[in-house]
Amino acid sequence: MSQFWSPFVKDLVPYVPGEQPKMTRLVKLNTNENPYGPSPKAIAAMQAELNDDLRLYPDPNGDRLKQAVADYYGVKTSQVFVGNGSDEVLAHAFHGLFQHDKPLLFPDITYSFYPVYCGLYGIEPEQIPLDDEFQINVDDFISATTEAGGNSGIIFPNPNAPTGRLLPLAAIEKLLQHNTQTVVLVDEAYVDFGGESAIALVDRYPNLLVTQTLSKSRSLAGMRIGLAVGHEDLIEALERVKNSFNSYPLDRLAIAAGAAAFADRDYFNDTCQRVIDSRTQVVDGLEQLGFEVLPSAANFVFARHGQKDAAELAAALREQGIIVRHFRTPRIAQFLRITIGTDEQNKILLDALKTL
């Protein structure tokens, strides 16, 4: 049926999300979902919304959620954008902020949606290699910008995905001090598991945009809630794109759940700490089995074994009902990305690996 396609569609290479297998007795450690449920207050807020009148449209601005985010981070609501998952927020940023006549810079090993968006929006990508320790080196981004005579923007996750390595806030500020003419977007999907948010810098750098998701640390992956924080001018660009695309991106349940999740700080802090503690135990267990594990500030670890093939390990684990993520990508083909699960799930994983 390709005769009916718009011409550009045939050239698109879509993003491939992590597998969502429909297996029974599954230990699912492949898509970085939080092992603990959402805040009970978020559940109660959704239930209250169900008892309200769902025949009415939601608030197109999501003001209730924006206010909760602003209160949490100490910014103005005019500095907050909300959307249907952070992927949609990122799409609006690519469309509204990165479509210039120079390349967009991002790491060579990173979130694989970035090159997909470049293809969708006709943006020239330039991938900056991670160093030998699989870290982002901001000096390499600065050098690339200088040598090329500029860029259309810079984007990277922090912590990076799938490596889990964290870039210190001082390094991000150094990059911002050198890259002042285009947007620097810091994608903080996993920052709550061991990093410091760059939102602390947005009032000092008008070209900084920070995106986050409620899918990971706030356990609301099924609700699709994302946000961005930055200077009002950047937020206005996102709002213009959003209102030219979908003026009601978040439904009433998502707005209520997101606002309640941000308000419930005790539950958030407790579950994040449980994941961090479990991560330490998983790293120790993997290292005792001969794995090299990269330092992680995320709710997953990135590990390789010196004597066992990663693809074979992933397949063998799958036979035991344990799903982890394997990337058939240069430089990282021998790594497994393993989500931190409950203590029971983590034990099942480590016990299975011992037999392999």
# chains A, B, ... in the order shown; residues from 1 in each chain; ligands from 1
call {"tool": "closest_atom_pairs", "arguments": {"of": "stretch 84-115 of chain A", "to": "stretch 172-192 of chain A", "cutoff": "10 Å", "atoms": "only C-alpha atoms", "output": "Markdown table"}}
result
| residue | atom | partner | partner_atom | distance |
| --- | --- | --- | --- | --- |
| A:Ser86 | CA | A:Ala189 | CA | 8.0 |
| A:Leu90 | CA | A:Asp187 | CA | 8.5 |
| A:Ala93 | CA | A:Leu185 | CA | 8.6 |
| A:Phe94 | CA | A:Leu185 | CA | 9.8 |
| A:Leu97 | CA | A:Val183 | CA | 7.1 |
| A:Phe98 | CA | A:Val183 | CA | 7.7 |
| A:His100 | CA | A:Thr182 | CA | 9.7 |
| A:Leu104 | CA | A:Thr182 | CA | 9.8 |
| A:Leu105 | CA | A:Val184 | CA | 9.5 |
| A:Phe106 | CA | A:Leu185 | CA | 9.9 |
| A:Tyr111 | CA | A:Asp187 | CA | 9.4 |
call {"tool": "select_by_dssp", "arguments": {"residues": "stretch 102-351 of chain A", "states": "strand (DSSP E or B)", "output": "PyMOL selection string"}}
result
chain A and resi 104-107+125-128+153-157+184-187+208-213+226-230+291-293+300-305+322-326+336-339
call {"tool": "closest_residue", "arguments": {"among": "A:Thr31, A:Ser217, A:Gln99, A:Asn61", "to": "A:Arg265", "atoms": "only C-alpha atoms"}}
result
A:Ser217
call {"tool": "residues_around", "arguments": {"residues": "A:Asp11", "least_positions_apart": "5", "cutoff": "12 Å", "atoms": "only C-alpha atoms", "output": "list in words"}}
result
Ser2, Trp5, Ser6, Val116, Cys118, Gly119, Leu120, Tyr121 and Gly122 of chain A
call {"tool": "write_last_selection", "arguments": {"atoms": "C-alpha atoms", "output": "PDB file, in the first residue's frame"}}
result
ATOM      1  CA  SER A   2       3.084   2.269  -0.166  1.00  0.00           C
ATOM      2  CA  TRP A   5       2.371   7.071   1.546  1.00  0.00           C
ATOM      3  CA  SER A   6       3.786  10.567   1.676  1.00  0.00           C
ATOM      4  CA  VAL A 116      14.801   8.452  14.722  1.00  0.00           C
ATOM      5  CA  CYS A 118      16.407  13.354  13.261  1.00  0.00           C
ATOM      6  CA  GLY A 119      15.079  11.250  10.404  1.00  0.00           C
ATOM      7  CA  LEU A 120      11.496  12.312  11.034  1.00  0.00           C
ATOM      8  CA  TYR A 121      12.240  16.034  11.156  1.00  0.00           C
ATOM      9  CA  GLY A 122      15.040  16.210   8.603  1.00  0.00           C
TER      10      GLY A 122
END
call {"tool": "select_by_dssp", "arguments": {"residues": "stretch 99-204 of chain A", "states": "helix (DSSP H, G or I)", "output": "ChimeraX atom specification"}}
result
/A:113-121,138-148,169-178,191-193,198-201
